[in-house]
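Structure data (mmCIF, C-alpha atoms and all ligand atoms) from data39.cif:
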```
data_final
#
loop_
_atom_site.label_atom_id
_atom_site.label_comp_id
_atom_site.auth_asym_id
_atom_site.auth_seq_id
_atom_site.Cartn_x
_atom_site.Cartn_y
_atom_site.Cartn_z
CA MET W 1 1.96 -9.86 -32.87
CA LEU W 2 1.11 -6.89 -35.10
CA GLU W 3 1.78 -6.90 -38.83
CA ASN W 4 4.20 -4.23 -40.06
CA LYS W 5 1.42 -2.09 -41.46
CA GLN W 6 -0.29 -2.07 -38.05
CA THR W 7 2.66 -0.67 -36.14
CA ALA W 8 1.75 2.97 -36.91
CA GLY W 9 5.22 3.51 -38.33
CA ALA W 10 6.99 2.23 -35.20
CA ASP W 11 10.18 0.27 -35.81
CA LEU W 12 9.86 -2.58 -33.33
CA THR W 13 13.41 -3.71 -34.08
CA ASN W 14 14.81 -0.49 -32.60
CA LEU W 15 12.97 0.00 -29.34
CA PRO W 16 13.57 2.37 -26.47
CA ARG W 17 15.07 0.37 -23.56
CA HIS W 18 12.64 1.59 -20.95
CA ILE W 19 9.04 2.78 -21.22
CA ALA W 20 7.18 4.25 -18.24
CA ILE W 21 3.39 4.66 -18.12
CA ILE W 22 1.01 6.69 -15.95
CA MET W 23 -2.12 4.54 -16.20
CA ASP W 24 -4.63 7.39 -16.05
CA GLY W 25 -8.30 7.65 -16.96
CA ASN W 26 -9.79 4.59 -15.29
CA GLY W 27 -12.38 6.58 -13.34
CA ARG W 28 -13.55 8.58 -16.37
CA TRP W 29 -13.72 5.43 -18.49
CA ALA W 30 -16.09 3.90 -15.92
CA LYS W 31 -18.16 7.07 -15.54
CA LYS W 32 -18.72 7.27 -19.30
CA ARG W 33 -20.29 3.82 -19.07
CA GLY W 34 -22.35 4.50 -15.95
CA LEU W 35 -20.14 2.11 -13.96
CA PRO W 36 -18.50 2.59 -10.56
CA ARG W 37 -14.91 3.87 -10.62
CA THR W 38 -13.76 0.52 -9.31
CA ALA W 39 -14.90 -1.08 -12.60
CA GLY W 40 -12.55 1.32 -14.37
CA HIS W 41 -9.64 0.09 -12.28
CA ALA W 42 -10.55 -3.53 -13.04
CA ALA W 43 -10.54 -2.69 -16.76
CA GLY W 44 -7.26 -0.81 -16.27
CA ALA W 45 -5.68 -3.86 -14.66
CA GLU W 46 -6.67 -5.92 -17.75
CA THR W 47 -5.09 -3.32 -19.99
CA PHE W 48 -1.93 -3.47 -17.90
CA ARG W 49 -1.80 -7.28 -18.34
CA ARG W 50 -2.23 -6.95 -22.07
CA VAL W 51 0.28 -4.13 -22.55
CA ALA W 52 2.88 -5.81 -20.30
CA THR W 53 2.55 -9.07 -22.25
CA TRP W 54 2.93 -7.23 -25.53
CA CYS W 55 6.00 -5.35 -24.25
CA ARG W 56 7.57 -8.67 -23.31
CA ASP W 57 6.70 -10.13 -26.72
CA ILE W 58 8.33 -7.27 -28.64
CA GLY W 59 11.47 -7.55 -26.49
CA LEU W 60 11.22 -4.39 -24.37
CA GLU W 61 13.77 -4.49 -21.53
CA TYR W 62 11.99 -2.37 -18.90
CA LEU W 63 8.38 -1.30 -18.36
CA THR W 64 7.48 0.84 -15.33
CA VAL W 65 3.86 1.55 -14.38
CA TYR W 66 2.32 3.87 -11.80
CA ALA W 67 -0.19 1.67 -9.98
CA PHE W 68 -0.70 3.50 -6.68
CA SER W 69 0.77 6.81 -5.57
CA THR W 70 1.54 8.15 -2.09
CA GLU W 71 -1.38 10.54 -2.71
CA ASN W 72 -3.86 7.81 -3.71
CA TRP W 73 -4.42 6.94 -0.02
CA HIS W 74 -6.68 10.03 0.06
CA ARG W 75 -9.23 8.32 -2.21
CA PRO W 76 -12.32 6.62 -0.72
CA GLU W 77 -11.37 3.50 1.22
CA ALA W 78 -13.34 1.20 -1.12
CA GLU W 79 -11.43 2.51 -4.14
CA VAL W 80 -8.07 2.13 -2.37
CA GLN W 81 -8.95 -1.45 -1.42
CA THR W 82 -10.06 -2.21 -4.99
CA ILE W 83 -6.76 -1.05 -6.48
CA LEU W 84 -4.69 -2.93 -3.89
CA GLY W 85 -6.95 -5.98 -4.34
CA LEU W 86 -6.37 -5.92 -8.11
CA LEU W 87 -2.64 -5.78 -7.49
CA GLU W 88 -2.93 -8.75 -5.13
CA LYS W 89 -4.87 -10.73 -7.73
CA TYR W 90 -2.32 -9.87 -10.38
CA LEU W 91 0.61 -10.93 -8.19
CA HIS W 92 -1.05 -14.28 -7.40
CA GLU W 93 -1.30 -14.97 -11.12
CA ALA W 94 2.17 -13.59 -11.81
CA ILE W 95 3.77 -15.94 -9.28
CA GLU W 96 2.27 -18.89 -11.17
CA ARG W 97 3.28 -17.63 -14.58
CA MET W 98 6.34 -15.40 -14.43
CA GLU W 99 8.88 -18.19 -14.78
CA ARG W 100 7.14 -19.52 -17.88
CA ASP W 101 6.48 -16.02 -19.24
CA ARG W 102 10.02 -14.82 -18.44
CA VAL W 103 8.83 -11.60 -16.84
CA ARG W 104 10.70 -10.18 -13.84
CA MET W 105 9.05 -7.78 -11.43
CA ARG W 106 10.28 -5.09 -9.10
CA PHE W 107 8.43 -2.66 -6.87
CA PHE W 108 9.22 1.00 -6.46
CA GLY W 109 7.76 2.62 -3.36
CA ASP W 110 7.40 2.02 0.37
CA THR W 111 5.70 -1.36 0.42
CA SER W 112 6.25 -1.79 4.19
CA VAL W 113 2.87 -0.17 4.93
CA LEU W 114 0.90 -2.56 2.69
CA SER W 115 -1.06 -5.52 4.07
CA PRO W 116 1.03 -8.50 5.24
CA LYS W 117 -0.57 -10.56 2.43
CA LEU W 118 0.50 -8.09 -0.25
CA GLN W 119 3.97 -7.79 1.27
CA LYS W 120 4.34 -11.57 1.17
CA LEU W 121 3.32 -11.68 -2.50
CA ILE W 122 5.78 -8.89 -3.28
CA ALA W 123 8.58 -10.77 -1.49
CA GLU W 124 7.74 -13.93 -3.47
CA THR W 125 7.70 -12.18 -6.84
CA ASP W 126 10.98 -10.46 -5.90
CA ALA W 127 12.59 -13.79 -5.06
CA ILE W 128 11.44 -15.46 -8.31
CA SER W 129 12.54 -12.41 -10.32
CA ARG W 130 16.08 -12.65 -9.00
CA ARG W 131 16.41 -16.05 -10.70
CA LEU W 132 15.07 -14.85 -14.06
CA ASP W 133 16.17 -12.76 -16.98
CA GLY W 134 13.89 -11.18 -19.58
CA CYS W 135 11.57 -8.20 -19.54
CA GLN W 136 11.46 -6.36 -16.19
CA VAL W 137 8.20 -4.81 -15.08
CA ASN W 138 8.54 -2.24 -12.31
CA VAL W 139 5.30 -1.59 -10.45
CA CYS W 140 5.15 1.67 -8.49
CA VAL W 141 3.07 1.15 -5.36
CA ASN W 142 2.78 3.70 -2.58
CA TYR W 143 5.22 5.59 -4.75
CA GLY W 144 5.93 9.31 -4.96
CA GLY W 145 8.84 10.91 -6.79
CA ARG W 146 9.51 13.48 -4.06
CA ASP W 147 9.21 10.85 -1.37
CA GLU W 148 11.73 8.70 -3.26
CA ILE W 149 14.24 11.56 -3.54
CA LEU W 150 13.90 12.54 0.15
CA ARG W 151 14.29 8.95 1.21
CA ALA W 152 17.37 8.51 -0.98
CA ALA W 153 18.87 11.72 0.47
CA ALA W 154 18.40 10.41 4.03
CA LEU W 155 19.83 7.01 3.12
CA TYR W 156 22.76 8.62 1.37
CA ALA W 157 23.52 10.83 4.38
CA GLN W 158 23.57 7.77 6.65
CA SER W 159 25.60 5.66 4.24
CA GLY W 160 29.05 7.11 4.80
CA GLU W 161 29.41 7.68 1.02
CA PRO W 162 31.56 10.74 0.16
CA MET W 163 29.93 14.18 0.20
CA PRO W 164 28.73 15.72 -1.99
CA PRO W 165 26.98 12.90 -3.85
CA THR W 166 27.24 12.59 -7.61
CA GLU W 167 24.21 11.83 -9.78
CA GLU W 168 25.56 8.32 -10.17
CA SER W 169 26.28 7.69 -6.46
CA PHE W 170 22.98 9.27 -5.38
CA SER W 171 20.82 7.33 -7.81
CA ARG W 172 21.98 4.05 -6.25
CA PHE W 173 19.77 4.98 -3.26
CA LEU W 174 16.60 5.43 -5.32
CA TRP W 175 14.00 2.67 -5.63
CA SER W 176 15.09 2.41 -9.25
CA ALA W 177 18.76 1.60 -8.46
CA ASP W 178 20.35 -0.32 -11.38
CA VAL W 179 17.43 0.38 -13.72
CA PRO W 180 18.24 2.69 -16.67
CA ASP W 181 16.21 5.90 -16.81
CA PRO W 182 13.01 5.75 -18.87
CA ASP W 183 13.48 6.82 -22.49
CA LEU W 184 9.78 7.29 -23.13
CA LEU W 185 7.10 8.29 -20.61
CA ILE W 186 3.50 7.82 -21.73
CA ARG W 187 0.50 9.44 -20.09
CA PRO W 188 -2.93 8.49 -21.43
CA GLY W 189 -6.07 10.15 -20.07
CA GLY W 190 -5.64 13.66 -21.46
CA GLU W 191 -3.76 15.31 -18.57
CA TYR W 192 -0.40 16.97 -19.18
CA ARG W 193 1.54 16.49 -15.98
CA LEU W 194 3.89 14.08 -14.23
CA SER W 195 1.88 13.74 -11.00
CA ASN W 196 4.97 13.00 -8.88
CA PHE W 197 6.02 10.08 -11.12
CA LEU W 198 9.74 9.30 -11.62
CA LEU W 199 10.75 12.93 -11.04
CA TRP W 200 14.46 12.12 -10.92
CA GLN W 201 14.51 9.40 -13.57
CA ALA W 202 12.39 11.23 -16.17
CA ALA W 203 14.85 14.15 -16.47
CA TYR W 204 15.54 13.33 -20.14
CA ALA W 205 12.57 11.10 -20.96
CA GLU W 206 10.59 11.91 -24.07
CA LEU W 207 7.01 12.62 -22.97
CA TYR W 208 4.00 11.35 -24.89
CA PHE W 209 0.46 12.38 -24.00
CA THR W 210 -2.78 11.07 -25.46
CA ASP W 211 -6.48 11.59 -24.74
CA THR W 212 -7.17 7.85 -24.89
CA LEU W 213 -8.24 6.62 -21.47
CA TRP W 214 -6.04 3.88 -20.00
CA PRO W 215 -8.62 1.04 -20.21
CA ASP W 216 -8.94 1.77 -23.97
CA PHE W 217 -5.17 1.74 -24.46
CA ASP W 218 -3.80 -1.11 -26.59
CA GLU W 219 -0.91 -2.31 -28.75
CA GLN W 220 -1.79 0.20 -31.49
CA GLU W 221 -1.56 3.06 -29.00
CA MET W 222 1.78 1.74 -27.77
CA CYS W 223 3.00 1.69 -31.37
CA ARG W 224 1.86 5.28 -31.90
CA ALA W 225 3.79 6.35 -28.80
CA ILE W 226 6.90 4.43 -29.88
CA ALA W 227 6.68 5.87 -33.40
CA ALA W 228 6.43 9.42 -31.97
CA TYR W 229 9.45 8.70 -29.77
CA GLN W 230 11.43 7.44 -32.76
CA ARG W 231 10.72 10.66 -34.67
CA ARG W 232 12.16 12.80 -31.87
CA GLU W 233 15.74 13.93 -31.62
CA ARG W 234 17.17 13.42 -28.13
CA ARG W 235 19.74 16.12 -27.43
CA TYR W 236 20.31 15.86 -23.66
CA GLY W 237 20.91 19.61 -23.46
CA ARG W 238 23.35 19.64 -26.40
CA ILE W 239 22.72 21.23 -29.80
CA ALA W 240 21.58 19.38 -32.92
CA THR W 241 24.39 17.60 -34.80
C1 LIG M 1 -5.51 6.52 -12.36
O1 LIG M 1 -6.80 6.66 -12.93
C2 LIG M 1 -5.29 5.13 -11.97
C3 LIG M 1 -4.99 4.70 -10.72
C4 LIG M 1 -4.89 5.62 -9.57
C5 LIG M 1 -4.85 3.25 -10.42
C6 LIG M 1 -4.17 2.40 -11.47
C7 LIG M 1 -4.37 0.98 -11.09
C8 LIG M 1 -4.64 -0.03 -11.95
C9 LIG M 1 -4.65 0.10 -13.40
C10 LIG M 1 -4.96 -1.41 -11.41
C11 LIG M 1 -3.95 -2.10 -10.56
C12 LIG M 1 -2.62 -2.26 -11.14
C13 LIG M 1 -1.96 -3.41 -11.42
C14 LIG M 1 -0.51 -3.30 -11.76
C15 LIG M 1 -2.59 -4.74 -11.49
P1 LIG M 1 -7.89 7.60 -12.24
O2 LIG M 1 -8.69 6.77 -11.31
O3 LIG M 1 -7.21 8.76 -11.59
O4 LIG M 1 -8.73 8.03 -13.46
P2 LIG M 1 -9.54 9.39 -13.63
O5 LIG M 1 -8.51 10.49 -13.80
O6 LIG M 1 -10.33 9.17 -14.86
O7 LIG M 1 -10.39 9.58 -12.39
#
```
Re-express the file's structure as structure tokens.
Ligand code: FPP
Amino acid sequence: MLENKQTAGADLTNLPRHIAIIMDGNGRWAKKRGLPRTAGHAAGAETFRRVATWCRDIGLEYLTVYAFSTENWHRPEAEVQTILGLLEKYLHEAIERMERDRVRMRFFGDTSVLSPKLQKLIAETDAISRRLDGCQVNVCVNYGGRDEILRAAALYAQSGEPMPPTEESFSRFLWSADVPDPDLLIRPGGEYRLSNFLLWQAAYAELYFTDTLWPDFDEQEMCRAIAAYQRRERRYGRIAT
């Protein structure tokens, strides 16, 4: 755990409820070191482990990460298989440890197209998570914000729920049903866009961008992002009071 002076001014006793992260910059991190892009993803997976553990330790309620987008299928096959393989490895370990670590997991995205092995691991982690309380990590796999909204619209139309939907009734058909919207959305890697991530849920999220590449991200960087969030005034379209 970090000493007070190392928290970059972040008050870890007054945390946002939900932090979302676009884990960007793995490829560039590898290139800078003359390594294949896949090595960047392996390093990124380690960073995810470390950051998720830290989030649990500080008492964060929800962490959502963008692991694989609906657009990522267009990457070279070897890279796609590396990312999905890293997820598989992580889930194997998580199944062993999540009860002890008190970490719940959920998956946002259409996981029905993933390998049977990965689907089985996802089903197992889902089942264990239903018995647990504690920090919830949402992993977005084969996820796209537009895809999620279209899918929810189709499900809503078939559901027999009253028309027109309300924000509240509609959001129950999103992958993120029952999860509060992210308060803080962090994008490392120096790009300033959402890349189809949590388009509905991030409507009022505070956005934090940094040039640090995801594999270099750490607790200090998380503290900087949380401190920046805590300095902001959230107005939700109203005027300052
Ligand atoms: C974006 O960086 C990153 C991804 C598309 C994959 C993220 C996946 C992991 C961190 C590993 C698997 C996840 C888990 C949860 C174990 P990029 O490749 O677009 O980087 P670049 O912009 O530098 O090319």
May I ask you to write as an MDAnalysis selection string all residues lying at most 8 Å from ligand LIG 1 (chain M), with only C-alpha atoms and all ligand atoms counted?
-> chainID W and resid 22:30 37 40:49 65:69 72 83:91 139 189 213:215
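For Asp218 of chain W, the residues within 7 Å (counting all atoms listed in the file, excluding itself and residues fewer than 3 positions away along the chain) are Val51, Glu221 and Met222 of chain W.
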Quick one: residues within 10 Å of Val179 of chain W, only C-alpha atoms counted, chain neighbours fewer than 6 positions away excluded, as a PDB file with C-alpha atoms, in the frame of the given file?
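Produced file result.pdb, reproduced below:
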```pdb
ATOM      1  CA  HIS W  18      12.640   1.590 -20.950  1.00  0.00           C
ATOM      2  CA  GLU W  61      13.770  -4.490 -21.530  1.00  0.00           C
ATOM      3  CA  TYR W  62      11.990  -2.370 -18.900  1.00  0.00           C
ATOM      4  CA  GLN W 136      11.460  -6.360 -16.190  1.00  0.00           C
ATOM      5  CA  ASN W 138       8.540  -2.240 -12.310  1.00  0.00           C
ATOM      6  CA  SER W 171      20.820   7.330  -7.810  1.00  0.00           C
ATOM      7  CA  ARG W 172      21.980   4.050  -6.250  1.00  0.00           C
ATOM      8  CA  GLN W 201      14.510   9.400 -13.570  1.00  0.00           C
TER       9      GLN W 201
END
```
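Comparing the minimum interatomic distances between Asp181 of chain W and each of W:Val103, W:Ile239, W:Leu199, W:Ala205, counting only C-alpha atoms, we find that W:Ala205 sits nearest.
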With only C-alpha atoms as the atoms that count, which of W:Cys223, W:Ala123, W:Ile128, W:Leu114 lies nearest to Arg100 of chain W?
-> W:Ile128
Answer as a VMD selection string, residues within 12 Å of (9.3, -11.1, -7.9) using all atoms listed in the file = chain W and resid 90 to 99 102 to 107 119 to 133 136 to 139
At a cut-off of 7 Å, using all atoms listed in the file, what residues contact segment 55-58 of chain W? Leave out same-chain residues fewer than 3 positions from it and give the result as a PDB file with C-alpha atoms, in the frame of the given file.
```pdb
ATOM      1  CA  LEU W  12       9.860  -2.580 -33.330  1.00  0.00           C
ATOM      2  CA  VAL W  51       0.280  -4.130 -22.550  1.00  0.00           C
ATOM      3  CA  ALA W  52       2.880  -5.810 -20.300  1.00  0.00           C
ATOM      4  CA  CYS W 135      11.570  -8.200 -19.540  1.00  0.00           C
TER       5      CYS W 135
END
```
Would you kindly return, as a list in words, each protein, DNA or RNA residue with an atom no farther than 12 Å from any atom of Trp73 of chain W, considering only C-alpha atoms and excluding same-chain residues fewer than 6 positions away?
-> Glu79, Val80, Gln81, Thr82, Ile83, Leu84, Val113, Leu114, Val141, Asn142, Tyr143 and Gly144 of chain W
